[in-house]
Structures are given as C-alpha cells and as structure tokens.
file structure_37.pdb (PDB, C-alpha atoms)
ATOM      1  CA  MET A   1     -82.263  13.127 -19.541  1.00  0.00           C
ATOM      2  CA  LEU A   2     -85.936  12.796 -20.395  1.00  0.00           C
ATOM      3  CA  ILE A   3     -86.998  11.096 -23.590  1.00  0.00           C
ATOM      4  CA  LEU A   4     -90.113  12.806 -24.876  1.00  0.00           C
ATOM      5  CA  ARG A   5     -92.813  10.516 -26.243  1.00  0.00           C
ATOM      6  CA  TYR A   6     -94.070  12.810 -28.968  1.00  0.00           C
ATOM      7  CA  ALA A   7     -91.805  14.530 -31.485  1.00  0.00           C
ATOM      8  CA  THR A   8     -92.721  18.038 -32.516  1.00  0.00           C
ATOM      9  CA  THR A   9     -93.799  18.072 -36.155  1.00  0.00           C
ATOM     10  CA  ALA A  10     -91.995  19.789 -39.013  1.00  0.00           C
ATOM     11  CA  SER A  11     -95.119  21.890 -39.569  1.00  0.00           C
ATOM     12  CA  TRP A  12     -94.579  23.542 -36.165  1.00  0.00           C
ATOM     13  CA  THR A  13     -91.046  24.553 -37.171  1.00  0.00           C
ATOM     14  CA  LYS A  14     -92.299  25.923 -40.499  1.00  0.00           C
ATOM     15  CA  THR A  15     -94.978  27.930 -38.704  1.00  0.00           C
ATOM     16  CA  VAL A  16     -92.376  29.435 -36.352  1.00  0.00           C
ATOM     17  CA  LEU A  17     -89.991  30.340 -39.171  1.00  0.00           C
ATOM     18  CA  ALA A  18     -92.812  31.946 -41.168  1.00  0.00           C
ATOM     19  CA  ASN A  19     -93.799  34.078 -38.147  1.00  0.00           C
ATOM     20  CA  PHE A  20     -90.484  34.492 -36.387  1.00  0.00           C
ATOM     21  CA  ASP A  21     -91.231  37.923 -34.922  1.00  0.00           C
ATOM     22  CA  ASN A  22     -94.287  36.498 -33.156  1.00  0.00           C
ATOM     23  CA  PHE A  23     -92.181  33.599 -31.922  1.00  0.00           C
ATOM     24  CA  LEU A  24     -89.633  36.004 -30.450  1.00  0.00           C
ATOM     25  CA  LEU A  25     -92.388  37.794 -28.524  1.00  0.00           C
ATOM     26  CA  ASP A  26     -93.575  34.475 -27.102  1.00  0.00           C
ATOM     27  CA  HIS A  27     -90.014  33.333 -26.386  1.00  0.00           C
ATOM     28  CA  ALA A  28     -89.326  36.474 -24.359  1.00  0.00           C
ATOM     29  CA  GLY A  29     -92.456  35.843 -22.307  1.00  0.00           C
ATOM     30  CA  ALA A  30     -91.494  32.200 -21.752  1.00  0.00           C
ATOM     31  CA  GLU A  31     -88.054  33.159 -20.427  1.00  0.00           C
ATOM     32  CA  LYS A  32     -89.545  35.770 -18.114  1.00  0.00           C
ATOM     33  CA  LYS A  33     -92.063  33.246 -16.771  1.00  0.00           C
ATOM     34  CA  ALA A  34     -89.329  30.630 -16.310  1.00  0.00           C
ATOM     35  CA  SER A  35     -87.329  33.081 -14.216  1.00  0.00           C
ATOM     36  CA  GLY A  36     -90.401  33.849 -12.125  1.00  0.00           C
ATOM     37  CA  MET A  37     -91.163  30.146 -11.664  1.00  0.00           C
ATOM     38  CA  ALA A  38     -87.645  29.529 -10.376  1.00  0.00           C
ATOM     39  CA  MET A  39     -87.959  32.368  -7.859  1.00  0.00           C
ATOM     40  CA  SER A  40     -91.340  31.046  -6.775  1.00  0.00           C
ATOM     41  CA  MET A  41     -89.809  27.624  -6.118  1.00  0.00           C
ATOM     42  CA  ALA A  42     -86.924  29.175  -4.180  1.00  0.00           C
ATOM     43  CA  LEU A  43     -89.402  30.902  -1.896  1.00  0.00           C
ATOM     44  CA  HIS A  44     -91.786  27.938  -1.619  1.00  0.00           C
ATOM     45  CA  TYR A  45     -88.961  25.576  -0.637  1.00  0.00           C
ATOM     46  CA  ALA A  46     -86.949  27.994   1.488  1.00  0.00           C
ATOM     47  CA  ASP A  47     -86.270  25.156   3.946  1.00  0.00           C
ATOM     48  CA  LYS A  48     -84.272  23.260   1.282  1.00  0.00           C
ATOM     49  CA  ALA A  49     -80.946  25.050   0.767  1.00  0.00           C
ATOM     50  CA  ASP A  50     -80.061  23.084  -2.383  1.00  0.00           C
ATOM     51  CA  ILE A  51     -83.374  24.011  -4.014  1.00  0.00           C
ATOM     52  CA  VAL A  52     -82.974  27.670  -3.055  1.00  0.00           C
ATOM     53  CA  LYS A  53     -79.468  27.876  -4.506  1.00  0.00           C
ATOM     54  CA  ALA A  54     -80.369  25.997  -7.694  1.00  0.00           C
ATOM     55  CA  MET A  55     -83.511  28.065  -8.286  1.00  0.00           C
ATOM     56  CA  ILE A  56     -81.753  31.391  -7.721  1.00  0.00           C
ATOM     57  CA  ASP A  57     -79.076  30.372 -10.227  1.00  0.00           C
ATOM     58  CA  LEU A  58     -81.758  29.208 -12.643  1.00  0.00           C
ATOM     59  CA  ALA A  59     -83.772  32.413 -12.243  1.00  0.00           C
ATOM     60  CA  ILE A  60     -80.695  34.478 -13.087  1.00  0.00           C
ATOM     61  CA  GLU A  61     -79.899  32.347 -16.130  1.00  0.00           C
ATOM     62  CA  GLU A  62     -83.491  32.516 -17.403  1.00  0.00           C
ATOM     63  CA  LEU A  63     -83.515  36.276 -16.869  1.00  0.00           C
ATOM     64  CA  ASP A  64     -80.288  36.493 -18.873  1.00  0.00           C
ATOM     65  CA  HIS A  65     -82.005  34.555 -21.677  1.00  0.00           C
ATOM     66  CA  PHE A  66     -84.898  37.014 -21.466  1.00  0.00           C
ATOM     67  CA  ARG A  67     -82.449  39.905 -21.835  1.00  0.00           C
ATOM     68  CA  GLU A  68     -80.844  38.266 -24.886  1.00  0.00           C
ATOM     69  CA  VAL A  69     -84.213  37.679 -26.568  1.00  0.00           C
ATOM     70  CA  VAL A  70     -85.167  41.306 -25.904  1.00  0.00           C
ATOM     71  CA  LYS A  71     -81.910  42.403 -27.589  1.00  0.00           C
ATOM     72  CA  ILE A  72     -82.802  40.347 -30.671  1.00  0.00           C
ATOM     73  CA  MET A  73     -86.280  41.858 -30.602  1.00  0.00           C
ATOM     74  CA  ALA A  74     -84.828  45.384 -30.438  1.00  0.00           C
ATOM     75  CA  GLU A  75     -82.718  44.637 -33.528  1.00  0.00           C
ATOM     76  CA  ARG A  76     -85.998  43.813 -35.297  1.00  0.00           C
ATOM     77  CA  ASN A  77     -87.817  46.871 -33.868  1.00  0.00           C
ATOM     78  CA  LEU A  78     -90.099  44.672 -31.757  1.00  0.00           C
ATOM     79  CA  GLN A  79     -91.457  45.688 -28.373  1.00  0.00           C
ATOM     80  CA  LEU A  80     -92.397  43.505 -25.455  1.00  0.00           C
ATOM     81  CA  GLN A  81     -96.044  42.530 -25.428  1.00  0.00           C
ATOM     82  CA  LYS A  82     -98.446  41.321 -22.794  1.00  0.00           C
ATOM     83  CA  ASP A  83     -97.918  37.589 -22.261  1.00  0.00           C
ATOM     84  CA  ASP A  84    -100.434  35.161 -23.702  1.00  0.00           C
ATOM     85  CA  LYS A  85    -101.615  32.383 -21.454  1.00  0.00           C
ATOM     86  CA  ASP A  86     -99.670  29.220 -22.117  1.00  0.00           C
ATOM     87  CA  ALA A  87    -102.268  26.468 -22.530  1.00  0.00           C
ATOM     88  CA  TYR A  88     -99.534  23.815 -22.502  1.00  0.00           C
ATOM     89  CA  VAL A  89     -98.094  24.864 -19.141  1.00  0.00           C
ATOM     90  CA  ASN A  90    -101.545  25.478 -17.662  1.00  0.00           C
ATOM     91  CA  GLN A  91    -102.715  21.989 -18.676  1.00  0.00           C
ATOM     92  CA  LEU A  92     -99.580  20.440 -17.224  1.00  0.00           C
ATOM     93  CA  ARG A  93    -100.052  22.343 -13.976  1.00  0.00           C
ATOM     94  CA  LYS A  94    -103.446  20.646 -13.630  1.00  0.00           C
ATOM     95  CA  GLN A  95    -101.491  17.426 -13.090  1.00  0.00           C
ATOM     96  CA  LEU A  96    -100.031  18.681  -9.802  1.00  0.00           C
ATOM     97  CA  ARG A  97    -101.199  16.381  -7.040  1.00  0.00           C
ATOM     98  CA  ASN A  98    -102.160  17.413  -3.544  1.00  0.00           C
ATOM     99  CA  GLY A  99     -99.975  16.631  -0.570  1.00  0.00           C
ATOM    100  CA  ARG A 100     -96.649  18.257   0.197  1.00  0.00           C
ATOM    101  CA  ASP A 101     -94.429  15.451  -1.141  1.00  0.00           C
ATOM    102  CA  HIS A 102     -96.567  14.668  -4.191  1.00  0.00           C
ATOM    103  CA  TYR A 103     -96.805  18.332  -5.081  1.00  0.00           C
ATOM    104  CA  PHE A 104     -93.046  18.787  -4.649  1.00  0.00           C
ATOM    105  CA  LEU A 105     -92.193  15.785  -6.833  1.00  0.00           C
ATOM    106  CA  ASP A 106     -94.702  16.794  -9.489  1.00  0.00           C
ATOM    107  CA  ARG A 107     -93.410  20.327  -9.554  1.00  0.00           C
ATOM    108  CA  LEU A 108     -89.845  19.160 -10.129  1.00  0.00           C
ATOM    109  CA  LEU A 109     -90.811  16.613 -12.776  1.00  0.00           C
ATOM    110  CA  LEU A 110     -93.128  18.958 -14.656  1.00  0.00           C
ATOM    111  CA  ALA A 111     -90.441  21.652 -14.671  1.00  0.00           C
ATOM    112  CA  GLY A 112     -87.999  19.114 -16.112  1.00  0.00           C
ATOM    113  CA  LEU A 113     -90.547  18.050 -18.703  1.00  0.00           C
ATOM    114  CA  ILE A 114     -91.214  21.637 -19.781  1.00  0.00           C
ATOM    115  CA  GLU A 115     -87.463  22.232 -20.088  1.00  0.00           C
ATOM    116  CA  ALA A 116     -87.103  19.032 -22.158  1.00  0.00           C
ATOM    117  CA  ARG A 117     -89.798  20.217 -24.571  1.00  0.00           C
ATOM    118  CA  GLY A 118     -88.086  23.595 -24.775  1.00  0.00           C
ATOM    119  CA  ALA A 119     -84.753  21.933 -25.551  1.00  0.00           C
ATOM    120  CA  GLU A 120     -86.349  19.918 -28.339  1.00  0.00           C
ATOM    121  CA  ARG A 121     -88.140  22.867 -29.905  1.00  0.00           C
ATOM    122  CA  PHE A 122     -85.289  25.365 -29.612  1.00  0.00           C
ATOM    123  CA  GLY A 123     -83.067  22.710 -31.197  1.00  0.00           C
ATOM    124  CA  LEU A 124     -85.488  22.337 -34.103  1.00  0.00           C
ATOM    125  CA  ILE A 125     -85.438  26.077 -34.658  1.00  0.00           C
ATOM    126  CA  ALA A 126     -81.646  26.195 -34.485  1.00  0.00           C
ATOM    127  CA  MET A 127     -81.320  23.420 -37.052  1.00  0.00           C
ATOM    128  CA  ALA A 128     -83.719  25.204 -39.416  1.00  0.00           C
ATOM    129  CA  LEU A 129     -82.027  28.611 -39.224  1.00  0.00           C
ATOM    130  CA  PRO A 130     -79.181  29.598 -41.558  1.00  0.00           C
ATOM    131  CA  ASP A 131     -75.690  29.841 -40.094  1.00  0.00           C
ATOM    132  CA  GLY A 132     -75.207  32.986 -38.089  1.00  0.00           C
ATOM    133  CA  PRO A 133     -75.729  34.543 -34.672  1.00  0.00           C
ATOM    134  CA  LEU A 134     -79.409  33.593 -34.425  1.00  0.00           C
ATOM    135  CA  LYS A 135     -78.671  29.930 -35.113  1.00  0.00           C
ATOM    136  CA  SER A 136     -75.859  29.975 -32.533  1.00  0.00           C
ATOM    137  CA  PHE A 137     -78.149  31.606 -29.986  1.00  0.00           C
ATOM    138  CA  TYR A 138     -80.818  28.929 -30.396  1.00  0.00           C
ATOM    139  CA  LEU A 139     -78.253  26.120 -30.264  1.00  0.00           C
ATOM    140  CA  ASP A 140     -77.010  27.565 -26.962  1.00  0.00           C
ATOM    141  CA  ILE A 141     -80.557  27.950 -25.632  1.00  0.00           C
ATOM    142  CA  SER A 142     -81.329  24.339 -26.530  1.00  0.00           C
ATOM    143  CA  LYS A 143     -78.245  23.126 -24.652  1.00  0.00           C
ATOM    144  CA  SER A 144     -79.209  25.284 -21.686  1.00  0.00           C
ATOM    145  CA  GLU A 145     -82.698  23.768 -21.582  1.00  0.00           C
ATOM    146  CA  ASP A 146     -81.107  20.306 -21.622  1.00  0.00           C
ATOM    147  CA  ARG A 147     -79.044  21.242 -18.567  1.00  0.00           C
ATOM    148  CA  HIS A 148     -82.154  22.573 -16.845  1.00  0.00           C
ATOM    149  CA  GLN A 149     -84.114  19.357 -17.361  1.00  0.00           C
ATOM    150  CA  ASP A 150     -81.171  17.448 -15.873  1.00  0.00           C
ATOM    151  CA  LEU A 151     -81.118  19.846 -12.925  1.00  0.00           C
ATOM    152  CA  PHE A 152     -84.755  19.148 -12.069  1.00  0.00           C
ATOM    153  CA  LEU A 153     -84.254  15.393 -12.342  1.00  0.00           C
ATOM    154  CA  LYS A 154     -81.183  15.554 -10.086  1.00  0.00           C
ATOM    155  CA  LEU A 155     -83.094  17.605  -7.540  1.00  0.00           C
ATOM    156  CA  ALA A 156     -85.928  15.069  -7.603  1.00  0.00           C
ATOM    157  CA  ALA A 157     -83.406  12.241  -7.077  1.00  0.00           C
ATOM    158  CA  ALA A 158     -82.088  14.010  -3.978  1.00  0.00           C
ATOM    159  CA  TYR A 159     -85.525  13.813  -2.323  1.00  0.00           C
ATOM    160  CA  PHE A 160     -87.360  10.824  -3.780  1.00  0.00           C
ATOM    161  CA  PRO A 161     -86.596   7.158  -4.483  1.00  0.00           C
ATOM    162  CA  GLU A 162     -85.898   6.261  -8.091  1.00  0.00           C
ATOM    163  CA  HIS A 163     -88.958   4.019  -8.449  1.00  0.00           C
ATOM    164  CA  GLU A 164     -91.257   6.823  -7.323  1.00  0.00           C
ATOM    165  CA  ILE A 165     -89.670   9.226  -9.802  1.00  0.00           C
ATOM    166  CA  THR A 166     -89.815   6.814 -12.735  1.00  0.00           C
ATOM    167  CA  THR A 167     -93.409   5.783 -12.012  1.00  0.00           C
ATOM    168  CA  ARG A 168     -94.656   9.356 -11.868  1.00  0.00           C
ATOM    169  CA  LEU A 169     -92.493  10.489 -14.762  1.00  0.00           C
ATOM    170  CA  ASP A 170     -93.898   7.671 -16.890  1.00  0.00           C
ATOM    171  CA  GLN A 171     -97.404   8.999 -16.255  1.00  0.00           C
ATOM    172  CA  LEU A 172     -96.458  12.598 -16.922  1.00  0.00           C
ATOM    173  CA  LEU A 173     -94.628  11.756 -20.158  1.00  0.00           C
ATOM    174  CA  ASP A 174     -97.778  10.125 -21.522  1.00  0.00           C
ATOM    175  CA  ILE A 175     -99.925  13.088 -20.490  1.00  0.00           C
ATOM    176  CA  GLU A 176     -97.453  15.563 -21.998  1.00  0.00           C
ATOM    177  CA  ALA A 177     -97.251  13.629 -25.282  1.00  0.00           C
ATOM    178  CA  ALA A 178    -101.037  13.626 -25.674  1.00  0.00           C
ATOM    179  CA  LEU A 179    -101.156  17.328 -24.843  1.00  0.00           C
ATOM    180  CA  VAL A 180     -98.475  18.281 -27.389  1.00  0.00           C
ATOM    181  CA  ALA A 181    -100.088  16.127 -30.076  1.00  0.00           C
ATOM    182  CA  ASP A 182    -103.258  18.200 -29.675  1.00  0.00           C
ATOM    183  CA  LEU A 183    -101.576  21.622 -29.689  1.00  0.00           C
ATOM    184  CA  PRO A 184    -102.197  23.691 -32.816  1.00  0.00           C
ATOM    185  CA  ASP A 185     -99.183  24.839 -34.777  1.00  0.00           C
ATOM    186  CA  ARG A 186     -98.482  28.433 -33.883  1.00  0.00           C
ATOM    187  CA  ALA A 187     -95.473  30.704 -33.646  1.00  0.00           C
ATOM    188  CA  ALA A 188     -94.980  30.027 -29.959  1.00  0.00           C
ATOM    189  CA  LEU A 189     -92.794  27.740 -27.885  1.00  0.00           C
ATOM    190  CA  HIS A 190     -95.840  25.701 -26.853  1.00  0.00           C
TER     191      HIS A 190
END

call {"tool": "encode", "arguments": {"input": "structure_37.pdb", "output": "structure tokens"}}
result
Amino acid sequence: MLILRYATTASWTKTVLANFDNFLLDHAGAEKKASGMAMSMALHYADKADIVKAMIDLAIEELDHFREVVKIMAERNLQLQKDDKDAYVNQLRKQLRNGRDHYFLDRLLLAGLIEARGAERFGLIAMALPDGPLKSFYLDISKSEDRHQDLFLKLAAAYFPEHEITTRLDQLLDIEAALVADLPDRAALH
C-alpha cells in the first residue's frame, strides 16, 4: 500500500460537501476515464496476459462504479456532463519517461498513485457524510480504490525489481505531494 506524502485538507472535504452535485458529476467522469485507462492498458500490453486480465477486470469494475454514480445522479435529477480536463492526472502523466520499460513502470506506479489518492479522498467524503446509503457507497469506493492501488503495485512487482520500484515510487510520491498541495479546493476528485 502506498503512503501518500501530502494529506488532503479539511477545506477540500468542506468544498465537496458544499457542492456535492458538482462532485458527483466529476466523480462519474473520473470512473469513466478510469475504465477507459484500464482498457487502454489492456490493449497496449496485449503481450502480457496477466496485465490484460487484470485491466479487463478493472475496466469492468470501474464501469460498474460509473453506473452506480450515474444512478445517484439520476436520484438527484443530474445529467451527465462533458468531462473537464483533470489537471492532476495530466500533470502526473507528464512524468512518464521514455523507453518501453520505464514507460511501463511509470504507468503502473502512476495508476497506483492515482488510485491511492482516490482512496484517501473518497474515504474523507465517506467519513464526513451522515449514516446512510451514500456514506456506505463512498466507504465501498474507498476500499475498492485501495485494492486497485495494491493491484498496480503487485503488477509492477511481477515485472520489475523491488529497488527499481521503490526508487521510482519515491520520486513520484514527492512529485504527487507537491502537485496536490498546489491544487485549488474544488468539488472534484482532484
């Protein structure tokens, strides 16, 4: 499990709760993008059967999360919107190194890092919500994101030596912490 180096502030959680409908719109988009990313990885690494299987399973699970968020949105009379660009993910993607192996390792580690941040933030939302179905949903989503981060780390360990993973992950954790510290509070996952 990854240990993030910057804790999301309470002001972010307050912003989300004050604009929860906007957060739901962003959450739906994030789940849809996560499903698409998993399918992209399955196709990009078609020569690695374990990656293909894991990414297909992940894509289905993320799509199921998307469906569940859309159901919650429908209960609130919200419609899907065009996705906003995710500055957080786009900045992290700039860290992808060239070279087949470097790119592959970075892609796995960044995916794990994004899932770890999602687990943290969905957990914060769950803890702030009153008891009920919405709180239970976000607790489940947080646990799911934790499993996903572990999945990406296990996949990395199947292809790369531990010292290479820990060295690169150390760098990426610092970059991610600085990036999150500079993000404005808004009713969005990132």

call {"tool": "atom_distance", "arguments": {"input": "structure_37.pdb", "atom1": "CA of Phe137 (chain A)", "atom2": "CA of Phe23 (chain A)"}}
result
14.3 Å

call {"tool": "closest_atom_pairs", "arguments": {"input": "structure_37.pdb", "of": "region 72-136 of chain A", "to": "region 38-51 of chain A", "cutoff": "12 Å", "atoms": "all atoms listed in the file", "output": "Markdown table"}}
result
| residue | atom | partner | partner_atom | distance |
| --- | --- | --- | --- | --- |
| A:Arg100 | CA | A:Tyr45 | CA | 10.6 |
| A:Asp101 | CA | A:Tyr45 | CA | 11.5 |
| A:Tyr103 | CA | A:His44 | CA | 11.4 |
| A:Phe104 | CA | A:Tyr45 | CA | 8.9 |
| A:Arg107 | CA | A:Met41 | CA | 8.8 |
| A:Leu108 | CA | A:Met41 | CA | 9.4 |
| A:Ala111 | CA | A:Ala38 | CA | 9.4 |
| A:Gly112 | CA | A:Ala38 | CA | 11.9 |

call {"tool": "resolve_selection", "arguments": {"input": "structure_37.pdb", "expression": "the PyMOL selection byres ((chain A and resi 158-168) around 10)", "output": "list in words"}}
result
Asp50, Asp101, His102, Phe104, Leu105, Asp106, Leu108, Leu109, Phe152, Leu153, Lys154, Leu155, Ala156, Ala157, Leu169, Asp170, Gln171, Leu172 and Leu173 of chain A

call {"tool": "closest_residue", "arguments": {"input": "structure_37.pdb", "among": "A:Lys71, A:Arg186, A:Arg5, A:Arg76", "to": "Asn19 (chain A)", "atoms": "only C-alpha atoms"}}
result
A:Arg186

call {"tool": "atom_distance", "arguments": {"input": "structure_37.pdb", "atom1": "CA of Leu113 (chain A)", "atom2": "CA of Asp174 (chain A)"}}
result
11.1 Å

call {"tool": "resolve_selection", "arguments": {"input": "structure_37.pdb", "expression": "the PyMOL selection byres ((chain A and resi 30-37) around 6)", "output": "list of chain:residue names"}}
result
A:His27, A:Ala28, A:Gly29, A:Ala38, A:Met39, A:Ser40, A:Ala59, A:Glu62, A:Leu63, A:Phe66

call {"tool": "write_last_selection", "arguments": {"input": "structure_37.pdb", "atoms": "C-alpha atoms", "output": "PDB file, in the frame of the given file"}}
result
ATOM      1  CA  HIS A  27     -90.014  33.333 -26.386  1.00  0.00           C
ATOM      2  CA  ALA A  28     -89.326  36.474 -24.359  1.00  0.00           C
ATOM      3  CA  GLY A  29     -92.456  35.843 -22.307  1.00  0.00           C
ATOM      4  CA  ALA A  38     -87.645  29.529 -10.376  1.00  0.00           C
ATOM      5  CA  MET A  39     -87.959  32.368  -7.859  1.00  0.00           C
ATOM      6  CA  SER A  40     -91.340  31.046  -6.775  1.00  0.00           C
ATOM      7  CA  ALA A  59     -83.772  32.413 -12.243  1.00  0.00           C
ATOM      8  CA  GLU A  62     -83.491  32.516 -17.403  1.00  0.00           C
ATOM      9  CA  LEU A  63     -83.515  36.276 -16.869  1.00  0.00           C
ATOM     10  CA  PHE A  66     -84.898  37.014 -21.466  1.00  0.00           C
TER      11      PHE A  66
END

call {"tool": "atom_distance", "arguments": {"input": "structure_37.pdb", "atom1": "CA of Asp185 (chain A)", "atom2": "CA of Met1 (chain A)"}}
result
25.6 Å
